[in-house]
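Visitor: This is the content of run-v8.cif (mmCIF, C-alpha atoms):
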```cif
data_target
loop_
_atom_site.label_atom_id
_atom_site.label_comp_id
_atom_site.auth_asym_id
_atom_site.auth_seq_id
_atom_site.Cartn_x
_atom_site.Cartn_y
_atom_site.Cartn_z
CA MET A 1 -131.87 -115.68 18.46
CA LEU A 2 -130.11 -112.48 19.45
CA LEU A 3 -130.57 -110.99 15.98
CA ASN A 4 -134.25 -111.99 16.00
CA VAL A 5 -134.69 -109.79 19.09
CA LEU A 6 -132.34 -106.94 18.20
CA GLU A 7 -132.96 -106.63 14.46
CA PHE A 8 -136.32 -108.20 13.77
CA GLY A 9 -138.41 -107.04 16.73
CA MET A 10 -139.36 -110.48 17.99
CA SER A 11 -140.23 -111.19 21.61
CA ILE A 12 -137.69 -113.37 23.37
CA GLN A 13 -140.01 -116.38 23.12
CA GLU A 14 -140.64 -115.80 19.40
CA ALA A 15 -136.91 -115.50 18.83
CA ILE A 16 -136.25 -118.84 20.51
CA GLU A 17 -139.05 -120.67 18.69
CA ALA A 18 -138.13 -119.27 15.27
CA PRO A 19 -136.59 -121.85 12.90
CA ARG A 20 -132.85 -122.25 13.37
CA VAL A 21 -129.81 -123.88 11.89
CA ARG A 22 -126.84 -125.56 13.46
CA VAL A 23 -123.51 -124.76 11.88
CA TYR A 24 -120.82 -127.40 11.89
CA ARG A 25 -117.22 -127.36 10.83
CA ASP A 26 -116.52 -126.51 7.23
CA ARG A 27 -119.75 -125.62 5.42
CA LEU A 28 -122.08 -128.18 6.90
CA ILE A 29 -125.42 -126.78 8.14
CA ASP A 30 -128.33 -128.63 9.75
CA ALA A 31 -131.47 -126.64 8.86
CA GLU A 32 -134.90 -127.10 10.45
CA SER A 33 -137.45 -127.92 7.76
CA ARG A 34 -139.57 -124.89 8.72
CA ILE A 35 -136.95 -122.83 6.92
CA PRO A 36 -138.42 -122.24 3.43
CA ALA A 37 -136.99 -124.33 0.59
CA GLU A 38 -135.90 -121.23 -1.32
CA THR A 39 -133.87 -120.04 1.67
CA ARG A 40 -132.22 -123.45 1.92
CA SER A 41 -131.39 -123.52 -1.77
CA GLY A 42 -130.04 -119.96 -1.45
CA LEU A 43 -127.67 -121.22 1.23
CA ALA A 44 -126.66 -124.14 -0.98
CA GLU A 45 -125.95 -121.75 -3.87
CA ARG A 46 -123.59 -119.84 -1.60
CA GLY A 47 -121.62 -123.02 -1.06
CA HIS A 48 -123.15 -124.35 2.15
CA ASN A 49 -123.83 -128.04 2.51
CA VAL A 50 -127.42 -127.97 3.80
CA ASN A 51 -128.74 -131.01 5.66
CA LEU A 52 -132.51 -131.05 6.27
CA ILE A 53 -133.65 -131.96 9.81
CA ASP A 54 -137.05 -132.07 11.60
CA ASP A 55 -139.31 -129.01 11.72
CA TRP A 56 -138.55 -128.64 15.45
CA SER A 57 -135.26 -130.33 16.31
CA TRP A 58 -133.26 -130.53 19.53
CA ILE A 59 -130.18 -130.77 17.27
CA VAL A 60 -130.10 -126.97 16.92
CA GLY A 61 -129.62 -126.58 20.66
CA GLY A 62 -131.74 -125.35 23.52
CA GLY A 63 -131.93 -121.58 23.82
CA GLN A 64 -133.03 -119.58 26.83
CA GLY A 65 -133.04 -115.82 27.26
CA ILE A 66 -134.10 -112.87 29.38
CA VAL A 67 -134.90 -109.35 28.17
CA ARG A 68 -135.38 -106.34 30.40
CA ASP A 69 -137.63 -103.59 29.15
CA PRO A 70 -135.61 -100.42 29.79
CA GLU A 71 -138.67 -98.19 30.26
CA SER A 72 -140.72 -100.21 32.72
CA GLY A 73 -138.01 -102.47 34.12
CA ALA A 74 -140.25 -105.47 33.40
CA LEU A 75 -138.42 -108.74 32.84
CA MET A 76 -139.37 -111.10 30.01
CA ALA A 77 -138.03 -114.62 29.77
CA GLY A 78 -138.21 -117.24 27.05
CA ALA A 79 -137.35 -120.93 26.98
CA ASP A 80 -136.87 -123.52 24.27
CA PRO A 81 -139.68 -126.03 23.66
CA ARG A 82 -137.32 -128.15 21.53
CA ARG A 83 -136.00 -129.58 24.79
CA ASP A 84 -137.43 -129.15 28.30
CA GLY A 85 -136.77 -125.42 28.64
CA TYR A 86 -139.01 -123.49 30.99
CA ALA A 87 -139.10 -119.92 32.23
CA LEU A 88 -140.57 -118.77 35.56
CA ALA A 89 -141.12 -115.30 36.97
CA ILE A 90 -141.98 -113.54 40.22
CA MET B 1 -151.09 -119.03 13.52
CA PRO B 2 -149.43 -119.69 16.86
CA PRO B 3 -151.37 -118.27 19.83
CA HIS B 4 -148.75 -115.77 21.07
CA ARG B 5 -148.10 -113.67 17.95
CA ASN B 6 -145.46 -115.95 16.38
CA ALA B 7 -144.83 -118.15 19.42
CA TYR B 8 -146.59 -121.16 20.89
CA ARG B 9 -145.76 -120.06 24.41
CA PRO B 10 -145.94 -116.62 26.02
CA SER B 11 -142.80 -114.83 27.12
CA VAL B 12 -142.88 -115.25 30.89
CA MET B 13 -142.94 -111.84 32.53
CA GLY B 14 -142.28 -110.55 36.01
CA THR B 15 -141.19 -107.41 37.84
CA ARG B 16 -139.07 -108.83 40.67
CA GLY B 17 -137.14 -111.59 38.97
CA VAL B 18 -137.15 -114.19 36.22
CA VAL B 19 -135.28 -117.46 35.79
CA THR B 20 -135.09 -119.51 32.63
CA SER B 21 -133.26 -122.77 32.08
CA ALA B 22 -133.32 -126.09 30.27
CA HIS B 23 -135.71 -127.71 32.79
CA PRO B 24 -138.69 -126.47 34.85
CA LEU B 25 -137.39 -127.90 38.14
CA ALA B 26 -134.05 -126.15 37.65
CA SER B 27 -135.80 -122.84 36.92
CA MET B 28 -137.84 -123.40 40.08
CA ALA B 29 -134.66 -123.91 42.11
CA GLY B 30 -133.49 -120.48 40.94
CA ILE B 31 -136.83 -118.89 41.81
CA GLN B 32 -136.63 -120.45 45.28
CA MET B 33 -133.29 -118.68 45.87
CA LEU B 34 -134.69 -115.34 44.69
CA GLN B 35 -137.77 -115.69 46.89
CA ALA B 36 -135.57 -116.49 49.88
CA GLY B 37 -133.67 -113.23 49.31
CA GLY B 38 -130.78 -114.66 47.29
CA ASN B 39 -129.13 -112.79 44.44
CA ALA B 40 -128.78 -113.75 40.77
CA VAL B 41 -125.56 -115.70 41.38
CA ASP B 42 -127.21 -117.76 44.13
CA ALA B 43 -130.04 -118.46 41.68
CA ALA B 44 -127.69 -119.31 38.81
CA VAL B 45 -125.73 -121.82 40.89
CA ALA B 46 -128.97 -123.39 42.14
CA VAL B 47 -130.08 -123.72 38.50
CA GLY B 48 -126.77 -125.19 37.30
CA SER B 49 -126.51 -127.73 40.10
CA THR B 50 -130.15 -128.77 39.66
CA LEU B 51 -129.69 -129.24 35.92
CA ASN B 52 -126.90 -131.65 36.86
CA VAL B 53 -129.65 -133.84 38.37
CA VAL B 54 -132.63 -133.27 36.08
CA GLU B 55 -130.90 -132.91 32.69
CA PRO B 56 -127.60 -134.70 33.28
CA PHE B 57 -126.96 -135.62 29.64
CA MET B 58 -126.56 -131.94 28.70
CA SER B 59 -125.56 -130.07 31.86
CA SER B 60 -123.44 -131.38 34.67
CA ALA B 61 -120.84 -130.74 37.32
CA GLY B 62 -118.45 -132.50 34.94
CA GLY B 63 -119.12 -129.95 32.21
CA ILE B 64 -117.64 -126.56 31.53
CA GLY B 65 -118.97 -123.03 31.54
CA LEU B 66 -118.70 -119.28 31.63
CA MET B 67 -120.48 -116.82 33.89
CA LEU B 68 -120.98 -113.14 33.03
CA ILE B 69 -121.89 -111.06 36.06
CA SER B 70 -123.03 -107.45 35.88
CA ARG B 71 -123.53 -105.57 39.13
CA GLY B 72 -126.50 -103.26 38.86
CA ARG B 73 -125.36 -100.66 41.35
CA THR B 74 -121.77 -100.16 40.25
CA GLY B 75 -121.97 -101.33 36.63
CA GLU B 76 -118.95 -103.52 37.40
CA ARG B 77 -118.66 -106.55 35.11
CA HIS B 78 -116.91 -109.84 35.72
CA VAL B 79 -116.44 -112.92 33.61
CA LEU B 80 -115.73 -116.24 35.29
CA ASP B 81 -114.10 -118.67 32.88
CA PHE B 82 -114.43 -122.24 34.06
CA ILE B 83 -113.87 -123.90 30.74
CA GLY B 84 -111.77 -126.85 31.73
CA ARG B 85 -108.33 -127.24 30.24
CA ALA B 86 -107.31 -130.02 27.92
CA PRO B 87 -105.19 -132.69 29.57
CA ARG B 88 -101.49 -131.82 29.30
CA ALA B 89 -100.61 -134.85 27.20
CA SER B 90 -103.44 -134.40 24.70
CA ASP B 91 -102.49 -133.60 21.14
CA PRO B 92 -105.30 -132.46 18.80
CA SER B 93 -103.10 -132.87 15.73
CA ALA B 94 -102.89 -136.60 16.48
CA CYS B 95 -106.69 -136.99 16.54
CA THR B 96 -109.13 -137.53 13.69
CA ASP B 97 -112.02 -135.08 13.13
CA ASP B 98 -114.43 -137.67 14.51
CA GLU B 99 -112.35 -138.12 17.65
CA LEU B 100 -112.37 -134.37 18.21
CA ALA B 101 -116.13 -134.14 17.61
CA GLY B 102 -116.96 -136.48 20.51
CA GLY B 103 -115.63 -139.23 22.71
CA PRO B 104 -112.86 -139.53 25.28
CA LYS B 105 -110.17 -137.71 23.25
CA SER B 106 -112.39 -134.62 22.85
CA CYS B 107 -113.00 -134.03 26.57
CA ALA B 108 -111.77 -131.10 28.61
CA THR B 109 -111.24 -131.43 32.35
CA PRO B 110 -114.39 -130.64 34.40
CA GLY B 111 -114.88 -126.96 35.27
CA ASN B 112 -118.48 -126.41 36.36
CA LEU B 113 -118.34 -127.48 39.97
CA GLY B 114 -115.29 -125.32 40.68
CA GLY B 115 -116.83 -122.43 38.74
CA TRP B 116 -120.10 -122.59 40.66
CA LEU B 117 -118.35 -122.68 44.03
CA ALA B 118 -116.03 -119.80 43.07
CA ALA B 119 -119.00 -117.75 41.84
CA LEU B 120 -120.85 -118.36 45.11
CA GLU B 121 -117.85 -117.48 47.21
CA ARG B 122 -117.06 -114.26 45.35
CA PHE B 123 -120.47 -113.00 44.30
CA GLY B 124 -123.15 -115.06 46.05
CA SER B 125 -124.96 -114.17 49.25
CA MET B 126 -125.99 -117.62 50.46
CA ASP B 127 -123.99 -120.58 51.72
CA ARG B 128 -123.33 -123.69 49.64
CA ALA B 129 -125.65 -125.94 51.59
CA ARG B 130 -128.62 -123.68 50.95
CA VAL B 131 -127.92 -123.13 47.24
CA LEU B 132 -127.24 -126.82 46.52
CA ALA B 133 -130.24 -127.97 48.59
CA PRO B 134 -132.74 -128.18 45.69
CA ALA B 135 -130.33 -130.34 43.63
CA ILE B 136 -129.60 -132.61 46.59
CA ALA B 137 -133.30 -133.04 47.42
CA LEU B 138 -134.11 -133.99 43.83
CA ALA B 139 -131.15 -136.37 43.61
CA GLU B 140 -132.19 -138.08 46.83
CA ASN B 141 -135.92 -138.22 46.20
CA GLY B 142 -135.94 -138.88 42.45
CA VAL B 143 -137.07 -136.91 39.43
CA PRO B 144 -140.01 -137.58 37.10
CA LEU B 145 -138.70 -138.18 33.58
CA THR B 146 -139.91 -136.09 30.64
CA PHE B 147 -140.27 -137.42 27.09
CA LYS B 148 -136.99 -135.69 26.24
CA ASN B 149 -135.24 -137.27 29.25
CA VAL B 150 -136.33 -140.70 28.08
CA GLU B 151 -135.33 -139.99 24.49
CA PHE B 152 -131.81 -139.01 25.54
CA PHE B 153 -131.46 -141.89 28.00
CA GLU B 154 -132.61 -144.43 25.42
CA THR B 155 -130.79 -143.17 22.35
CA GLY B 156 -127.69 -141.62 23.90
CA SER B 157 -124.74 -143.19 25.52
CA TYR B 158 -125.62 -141.64 28.87
CA LYS B 159 -125.43 -143.93 31.88
CA PRO B 160 -127.19 -142.86 35.10
CA ARG B 161 -124.84 -142.23 38.01
CA PRO B 162 -126.13 -143.61 41.29
CA ARG B 163 -123.56 -141.56 43.20
CA CYS B 164 -124.91 -138.22 41.98
CA SER B 165 -126.52 -137.38 45.31
CA SER B 166 -123.35 -137.99 47.25
CA THR B 167 -121.35 -135.79 44.82
CA CYS B 168 -123.67 -132.85 45.50
CA SER B 169 -123.78 -133.53 49.23
CA SER B 170 -120.03 -133.64 49.61
CA SER B 171 -119.77 -130.34 47.70
CA ALA B 172 -122.30 -128.71 50.02
#
```
Could you express the structure from this file as structure tokens?

Guide:
Amino acid sequence: MLLNVLEFGMSIQEAIEAPRVRVYRDRLIDAESRIPAETRSGLAERGHNVNLIDDWSWIVGGGQGIVRDPESGALMAGADPRRDGYALAI
Amino acid sequence: MPPHRNAYRPSVMGTRGVVTSAHPLASMAGIQMLQAGGNAVDAAVAVGSTLNVVEPFMSSAGGIGLMLISRGRTGERHVLDFIGRAPRASDPSACTDDELAGGPKSCATPGNLGGWLAALERFGSMDRARVLAPAIALAENGVPLTFKNVEFFETGSYKPRPRCSSTCSSSA
């Protein structure tokens, strides 16, 4: 999620909603099925044990985040729809 | 295409303050503190304690946590580490991988309640009773269950705790 914001120019909400994986011990990875098949097979080729889960799955965790725009000072918050996450602002 | 560029929800924006958490009522508890003149630590503790009531299978006073605090004016930074310790007699080398992944042998001692109260005392601006009030009110009056709540209650091993309200009240 952090890299989605810092490296890929996503908004905080886009970064949270983007498909994710959960990494377990050893090389076990749970991957949301929105992740393209070629990406998943690329991971498998690198030695990861990729387990396919739902397109939107609470298994990958619930992410929340806040970004402050340095120029305007405006605050932007995102919350994870995979669980009951919700952001509010004043 | 999703309606908000690549997201199904908008980023929620404000100029005075924002709160985001794993449940709308917990985020609202944080907003209530900010609107009453509280600082970010007051809001964070209100959020954490409310999650204990509205999302108890994932967040609770019996859990563990970390708090990173950055003071705007001075740039001072503090980390509160309230990750509970393992019991003294526990021995991870005597446990199987499955036992360490979940269950009684994998538990640390609770840290959240102590962490919240320490954070309030050192960095908060409001008293305990005020910051814990939203959690206590929800625990006493009941909380509407979301689909996710029901899913976790039905499929998980979580058992509701009828004494939740008195735990919060005695902390306040």

Visitor: Starting from the PyMOL selection byres ((chain B) within 10 of (chain A)), expand the selection into actual residues of this file and give them as number ranges by chain.

Guide: B: 2, 4-28, 30-31, 34-35, 55, 58, 97, 101, 146-149

Visitor: Closest to Asn112 in chain B among B:Pro3, B:Gly38, B:Gly62, B:Pro56, using all atoms listed in the file?

Guide: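 Selected residue with least distance to Asn112 in chain B: B:Gly62.
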
Visitor: Nearest residue to Gly142 in chain B out of B:Leu120, B:Leu80, B:Ala108, B:Val53, using all atoms listed in the file?

Guide: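 When distances to Gly142 in chain B are compared using all atoms listed in the file, the smallest one comes from B:Val53.
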
Visitor: In Å, with one decimal, what is the gap from CA of Gly115 in chain B to CA of Leu100 in chain B?

Guide: 24.2 Å

Visitor: Would you mind listing what lies within 9 Å of range 35-48 of chain A as a ChimeraX atom specification, with only C-alpha atoms counted and same-chain residues fewer than 4 positions away left out?

Guide: /A:19-21,26-29,31,52,55

Visitor: Can you write out the residues you just picked, keeping C-alpha atoms, as an mmCIF file, in the frame of the given file?

Guide:
```cif
data_model
loop_
_atom_site.group_PDB
_atom_site.id
_atom_site.type_symbol
_atom_site.label_atom_id
_atom_site.label_comp_id
_atom_site.auth_asym_id
_atom_site.auth_seq_id
_atom_site.Cartn_x
_atom_site.Cartn_y
_atom_site.Cartn_z
ATOM 1 C CA PRO A 19 -136.590 -121.850 12.900
ATOM 2 C CA ARG A 20 -132.850 -122.250 13.370
ATOM 3 C CA VAL A 21 -129.810 -123.880 11.890
ATOM 4 C CA ASP A 26 -116.520 -126.510 7.230
ATOM 5 C CA ARG A 27 -119.750 -125.620 5.420
ATOM 6 C CA LEU A 28 -122.080 -128.180 6.900
ATOM 7 C CA ILE A 29 -125.420 -126.780 8.140
ATOM 8 C CA ALA A 31 -131.470 -126.640 8.860
ATOM 9 C CA LEU A 52 -132.510 -131.050 6.270
ATOM 10 C CA ASP A 55 -139.310 -129.010 11.720
#
```

Visitor: Residues near Gln32 in chain B, anyone? I mean within 10 Å using all atoms listed in the file, not counting same-chain ones fewer than 6 positions away, as a list in words.

Guide: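 Here the qualifying residues turn out to be Ala26, Gly38, Asp42, Ala43, Ala46, Val47, Val131 and Pro134 of chain B.
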
Visitor: Leaving out Leu117 in chain B and any residue of its chain fewer than 4 positions from it, which residues lie within 8 Å of it when counting all atoms listed in the file, given as number ranges by chain?

Guide: B: 113, 121, 128

Visitor: What is the CA of Ser49 in chain B-CA of Ala133 in chain B distance in Å, reported with one decimal?

Guide: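 One can read the CA of Ser49 in chain B to CA of Ala133 in chain B distance as 9.3 Å.
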
Visitor: For the atom pair CA of Arg34 in chain A and CA of Asn49 in chain A, what is the interatomic distance in Å to one decimal place?

Guide: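 CA of Asn49 in chain A lies at a distance of 17.2 Å from CA of Arg34 in chain A.
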
Visitor: Just checking: using all atoms listed in the file, which residue out of A:Tyr24, A:Met1, A:Leu6, A:Asp30 ends up closest to Ile59 in chain A?

Guide: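 Closest to Ile59 in chain A of all the choices is A:Asp30.
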
Visitor: Here is a test: counting all atoms listed in the file, which residue of B:Leu145, B:Ala36, B:Ala119, B:Leu51 is nearest to Asp81 in chain B?

Guide: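 Ranking B:Leu145, B:Ala36, B:Ala119, B:Leu51 by distance to Asp81 in chain B, first place goes to B:Ala119.
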
Visitor: Find, counting only C-alpha atoms, the residue in B:Gly111, B:Ala89, B:Pro104, B:Val45 that gets nearest to Ile64 in chain B.

Guide: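 Using only C-alpha atoms, the shortest distance to Ile64 in chain B belongs to B:Gly111.
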
Visitor: Using all atoms of range 78-85 of chain A that appear in the file, construct an axis-aligned enclosing box with 6 Å of padding on every side and provide its centre coordinates and edge lengths in Å, rounded to one decimal, as JSON.

Guide:
```
{"center_x": -137.8, "center_y": -123.4, "center_z": 25.1, "size_x": 15.7, "size_y": 24.3, "size_z": 19.1}
```
